[in-house]
>>> print(open('data.txt').read())   # compact mmCIF, C-alpha atoms
# COMPACT_ATOMS: atom_id res chain seq x y z
CA MET I 1 -42.12 24.51 49.74
CA ILE I 2 -40.61 21.24 48.52
CA MET I 3 -42.83 21.35 45.42
CA ASN I 4 -41.65 24.91 44.61
CA LYS I 5 -38.01 23.81 44.83
CA LEU I 6 -38.77 20.75 42.72
CA PHE I 7 -40.47 22.86 40.03
CA SER I 8 -37.61 25.39 40.14
CA ALA I 9 -35.04 22.62 39.74
CA LEU I 10 -37.07 21.04 36.94
CA GLY I 11 -37.36 24.43 35.22
CA LEU I 12 -33.60 24.97 35.41
CA LEU I 13 -32.99 21.49 34.04
CA CYS I 14 -35.32 22.13 31.09
CA LEU I 15 -33.64 25.48 30.45
CA GLY I 16 -30.23 23.82 30.50
CA VAL I 17 -31.34 21.12 28.06
CA SER I 18 -32.87 23.76 25.78
CA LEU I 19 -29.69 25.85 25.78
CA THR I 20 -27.57 22.77 25.09
CA PHE I 21 -29.81 21.80 22.18
CA ALA I 22 -29.76 25.36 20.80
CA GLN I 23 -25.96 25.45 21.08
CA SER I 24 -25.70 22.08 19.36
CA ALA I 25 -28.04 23.21 16.56
CA GLN I 26 -25.96 26.38 16.06
CA ASP I 27 -22.73 24.35 16.03
CA THR I 28 -24.24 21.98 13.46
CA LYS I 29 -25.28 24.94 11.31
CA THR I 30 -21.82 26.54 11.41
CA LEU I 31 -20.15 23.17 10.80
CA LYS I 32 -22.30 22.53 7.73
CA ALA I 33 -21.48 26.00 6.39
CA ALA I 34 -17.76 25.40 6.98
CA LEU I 35 -17.96 21.99 5.28
CA ASP I 36 -19.62 23.62 2.29
CA GLY I 37 -16.84 26.22 2.12
CA TYR I 38 -14.14 23.58 2.49
CA MET I 39 -15.60 21.29 -0.16
CA THR I 40 -16.04 24.20 -2.55
CA ALA I 41 -12.37 25.10 -2.05
CA VAL I 42 -11.39 21.48 -2.75
CA LYS I 43 -13.55 21.24 -5.91
CA ASN I 44 -12.23 24.57 -7.18
CA LYS I 45 -8.64 23.58 -6.34
CA ASN I 46 -8.32 26.73 -4.24
CA ILE I 47 -5.18 25.63 -2.40
CA ASP I 48 -5.05 28.62 -0.05
CA GLY I 49 -8.70 28.03 0.80
CA VAL I 50 -8.07 24.35 1.54
CA LEU I 51 -5.07 25.23 3.70
CA ASP I 52 -7.17 27.78 5.61
CA TYR I 53 -9.41 24.90 6.73
CA MET I 54 -6.49 22.86 8.09
CA PRO I 55 -5.61 22.88 11.79
CA PRO I 56 -2.66 25.26 12.39
CA LYS I 57 -0.75 22.44 14.13
CA MET I 58 -0.44 20.78 10.71
CA PHE I 59 2.04 23.47 9.74
CA GLU I 60 4.33 22.83 12.71
CA THR I 61 5.89 19.78 11.05
CA ASN I 62 5.53 20.89 7.44
CA SER I 63 5.25 24.57 6.59
CA ARG I 64 2.17 25.98 4.90
CA GLU I 65 4.34 27.00 1.95
CA ASN I 66 5.72 23.45 1.53
CA MET I 67 2.20 22.03 1.67
CA LYS I 68 1.06 24.58 -0.88
CA VAL I 69 3.87 23.57 -3.25
CA ALA I 70 3.02 19.88 -2.83
CA MET I 71 -0.68 20.51 -3.47
CA SER I 72 0.14 22.62 -6.53
CA SER I 73 1.77 19.75 -8.40
CA GLU I 74 0.61 19.36 -11.97
CA ASN I 75 -0.82 15.88 -11.35
CA LEU I 76 -3.00 17.04 -8.44
CA GLN I 77 -4.23 20.04 -10.42
CA LYS I 78 -5.50 17.71 -13.17
CA VAL I 79 -7.72 15.77 -10.76
CA ILE I 80 -11.43 16.52 -11.12
CA TYR I 81 -13.66 16.38 -8.05
CA LYS I 82 -16.94 15.32 -9.60
CA GLU I 83 -18.75 14.96 -6.28
CA LEU I 84 -18.08 15.69 -2.62
CA THR I 85 -21.13 14.98 -0.49
CA VAL I 86 -21.46 14.89 3.29
CA LYS I 87 -23.25 11.69 4.30
CA LYS I 88 -23.23 11.93 8.10
CA ILE I 89 -21.97 14.11 10.94
CA SER I 90 -21.44 12.42 14.29
CA PRO I 91 -22.66 13.96 17.53
CA PHE I 92 -20.22 16.53 18.90
CA PHE I 93 -17.63 15.45 21.43
CA ILE I 94 -16.14 18.08 23.74
CA HIS I 95 -12.60 17.57 25.01
CA GLN I 96 -10.62 20.29 26.82
CA LYS I 97 -12.93 23.06 25.52
CA ASN I 98 -12.54 21.93 21.89
CA LYS I 99 -15.43 20.44 19.95
CA TYR I 100 -14.91 17.51 17.62
CA ALA I 101 -17.10 15.62 15.17
CA LEU I 102 -16.50 12.88 12.65
CA VAL I 103 -17.72 13.66 9.15
CA LYS I 104 -18.43 10.86 6.68
CA TYR I 105 -18.49 11.88 3.04
CA LEU I 106 -18.58 10.52 -0.48
CA ALA I 107 -15.91 11.59 -2.94
CA VAL I 108 -16.10 10.86 -6.65
CA VAL I 109 -12.79 11.79 -8.21
CA ILE I 110 -11.70 11.59 -11.84
CA ILE I 111 -7.99 11.16 -12.52
CA PRO I 112 -6.84 11.71 -16.10
CA VAL I 113 -4.28 9.19 -17.37
CA PRO I 114 -2.35 9.26 -20.65
CA LYS I 115 -4.46 7.60 -23.37
CA ASP I 116 -1.46 6.95 -25.59
CA ASP I 117 0.30 4.73 -23.02
CA LYS I 118 -2.07 1.79 -22.46
CA SER I 119 0.35 -0.11 -20.20
CA LYS I 120 0.77 2.90 -17.89
CA MET I 121 -3.00 3.38 -17.84
CA GLU I 122 -3.56 -0.28 -16.93
CA SER I 123 -0.83 -0.33 -14.26
CA THR I 124 -2.19 2.86 -12.66
CA PHE I 125 -5.66 1.31 -12.71
CA GLU I 126 -4.38 -1.90 -11.07
CA ILE I 127 -2.58 0.09 -8.34
CA MET I 128 -5.74 2.09 -7.65
CA LYS I 129 -7.85 -1.09 -7.45
CA THR I 130 -5.40 -2.53 -4.93
CA MET I 131 -5.44 0.65 -2.83
CA MET I 132 -9.16 1.47 -3.00
CA GLY I 133 -10.90 -1.82 -3.71
CA GLU I 134 -11.97 -3.23 -7.04
CA ASP I 135 -15.58 -2.04 -6.78
CA LYS I 136 -14.55 1.58 -6.16
CA VAL I 137 -12.40 2.12 -9.25
CA LYS I 138 -13.42 2.33 -12.92
CA LEU I 139 -11.25 2.78 -16.00
CA ASP I 140 -12.46 4.51 -19.16
CA THR I 141 -9.76 3.81 -21.76
CA GLU I 142 -11.47 5.93 -24.44
CA LYS I 143 -11.47 9.06 -22.27
CA GLY I 144 -8.23 8.19 -20.47
CA GLU I 145 -9.82 8.52 -17.03
CA ILE I 146 -9.86 6.59 -13.80
CA THR I 147 -12.89 7.28 -11.61
CA LEU I 148 -12.65 6.67 -7.87
CA ASN I 149 -15.74 6.32 -5.68
CA SER I 150 -14.70 6.58 -2.08
CA GLU I 151 -16.50 6.93 1.21
CA ALA I 152 -14.10 8.58 3.61
CA GLU I 153 -14.02 10.27 7.00
CA MET I 154 -12.49 13.41 8.40
CA TYR I 155 -12.34 15.05 11.78
CA ALA I 156 -13.98 18.43 12.29
CA ILE I 157 -12.35 20.53 15.01
CA LEU I 158 -13.62 23.71 16.64
CA ASN I 159 -11.06 25.28 18.92
CA PRO I 160 -12.29 28.46 20.67
CA GLN I 161 -8.81 30.00 20.24
CA ILE I 162 -8.84 29.52 16.46
CA LYS I 163 -11.34 31.04 14.05
CA GLY I 164 -13.78 28.56 12.53
CA TRP I 165 -14.00 24.83 12.00
CA LYS I 166 -10.90 23.01 10.78
CA PHE I 167 -10.74 19.62 9.05
CA LEU I 168 -8.31 16.73 9.09
CA GLY I 169 -8.68 13.53 7.10
CA LYS I 170 -9.02 10.30 9.03
CA SER I 171 -6.94 7.50 7.58
CA ASP I 172 -5.30 4.34 8.80
CA GLN I 173 -2.40 5.04 6.43
CA ALA I 174 -1.85 8.63 7.59
CA PRO I 175 0.93 9.47 10.03
CA PRO I 176 0.03 9.68 13.73
CA ILE I 177 -2.24 12.63 14.45
CA ASP I 178 -2.19 12.38 18.24
CA GLY I 179 -0.79 15.90 18.54
CA ILE I 180 -3.80 17.29 16.67
CA ILE I 181 -6.61 14.89 17.59
CA PRO I 182 -6.17 13.57 21.15
CA LYS I 183 -6.34 9.79 21.54
CA GLU I 184 -9.45 10.13 23.72
CA VAL I 185 -11.21 11.88 20.84
CA GLN I 186 -10.00 9.32 18.31
CA GLU I 187 -11.35 6.53 20.51
CA LYS I 188 -14.69 8.27 21.01
CA LEU I 189 -15.14 9.03 17.30
CA LYS I 190 -14.34 5.59 15.91
>>> encode(input="data.txt", output="structure tokens")
Amino acid sequence: MIMNKLFSALGLLCLGVSLTFAQSAQDTKTLKAALDGYMTAVKNKNIDGVLDYMPPKMFETNSRENMKVAMSSENLQKVIYKELTVKKISPFFIHQKNKYALVKYLAVVIIPVPKDDKSKMESTFEIMKTMMGEDKVKLDTEKGEITLNSEAEMYAILNPQIKGWKFLGKSDQAPPIDGIIPKEVQEKLK
């Protein structure tokens, strides 16, 4: 009798672990597909597509239309995203029915700079080196391009009340995101 209960309990435990693993594998698959869609939108400068992948709470402080105008600026439209590659996805963290993950990625970005104004090119290059680190910035004076190599992180958010995964950049210089990513999640996904 005790052995039957033990085997039943063990069977339920194995079933629970299997279902959790299957759910996690499905979540990973849908997250990877969403990341691919998001990065394609970024590379193609599809502003509406990029905005669709942002958490709706982002638009509470700054309207979607205002963000679209800002992202449509001529300077941002000239930027070339040479490479956007996911390097690592953290394990999922569940908080108040929402799923979160931290995504590490590599971005190689080319920024055109005016070739005819060498001093402006050099000053822009120096500013970028200060911001990004000397080893992550290269200047090609003949082409008039600054290339940035940056490893960055972003939060992936799956809220059951909102369709699909949403993404939010993680940055020490960004304004507080506590209203979008709870502090408990930020602490867990350091």
>>> atom_distance(input="data.txt", atom1="atom CA of Thr40 of chain I", atom2="atom CA of Asp178 of chain I")
27.6 Å
>>> atom_distance(input="data.txt", atom1="atom CA of Glu134 of chain I", atom2="atom CA of Ile111 of chain I")
15.9 Å
>>> atom_distance(input="data.txt", atom1="atom CA of Glu60 of chain I", atom2="atom CA of Ser171 of chain I")
19.7 Å
>>> residues_around(input="data.txt", residues="segment 41-44 of chain I", least_positions_apart="3", cutoff="9 Å", atoms="all atoms listed in the file", output="list in words")
Asp36, Gly37, Tyr38, Ile47, Asp48, Gly49, Val50, Ile80, Tyr81, Lys82, Glu83 and Leu84 of chain I
>>> axis_aligned_box(input="data.txt", around="segment 34-44 of chain I", padding_each_side="6 Å", output="AutoDock Vina command-line options")
--center_x -15.5 --center_y 23.7 --center_z -0.1 --size_x 20.2 --size_y 17.0 --size_z 26.2
